[in-house]
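Working notes, structure below.
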Amino acid sequence: MNTRDVDFTPEQTRMLERVRVQQGFTSLHAAAEWLVKENLRRKMGGGRGSRRALRLIVGGKSR
């Protein structure tokens, strides 16, 4: 899986720390990843119908 380093502002770091504690994650990275995935699920109408896996598409082919 591809990863990227992301710099957070102090305000974002505080928010991620709150999410980390509330959700029981061990790192800010895990909290950020959860927030992104949760946002995608909600925008895709999460919870209704079958859950579809999100896959990275590179060069027109899914991986």
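The way I read the labels, and the way they are meant: chains A, B, ... in the order of the structure tokens, residue 1 as the first residue of every chain, and ligand 1 as the first ligand shown, with later ones counted on from there.
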Identify, on the basis of only C-alpha atoms, every residue whose closest approach to Phe25 in chain A does not exceed 12 Å; exclude the query and any residue fewer than 6 positions from it along the same chain; express the result as a PyMOL selection string. chain A and resi 16-19+31-35
Could you dump the residues just selected with N, CA and C atoms as a compact mmCIF listing (two decimals), in the first residue's frame?
# COMPACT_ATOMS: atom_id res chain seq x y z
N LEU A 16 -7.20 15.32 16.01
CA LEU A 16 -6.86 13.91 15.79
C LEU A 16 -6.57 13.20 17.11
N GLU A 17 -5.97 13.91 18.06
CA GLU A 17 -5.70 13.32 19.38
C GLU A 17 -7.01 12.98 20.08
N ARG A 18 -8.01 13.87 19.98
CA ARG A 18 -9.32 13.59 20.57
C ARG A 18 -9.95 12.36 19.92
N VAL A 19 -9.88 12.27 18.60
CA VAL A 19 -10.44 11.12 17.88
C VAL A 19 -9.68 9.85 18.27
N ALA A 31 -6.02 7.41 13.42
CA ALA A 31 -7.20 8.26 13.60
C ALA A 31 -7.52 9.00 12.31
N ALA A 32 -6.50 9.53 11.64
CA ALA A 32 -6.71 10.24 10.38
C ALA A 32 -7.25 9.30 9.31
N GLU A 33 -6.71 8.10 9.23
CA GLU A 33 -7.17 7.12 8.24
C GLU A 33 -8.63 6.75 8.50
N TRP A 34 -8.99 6.57 9.76
CA TRP A 34 -10.37 6.23 10.11
C TRP A 34 -11.32 7.36 9.71
N LEU A 35 -10.91 8.62 9.98
CA LEU A 35 -11.75 9.75 9.61
C LEU A 35 -11.98 9.83 8.11
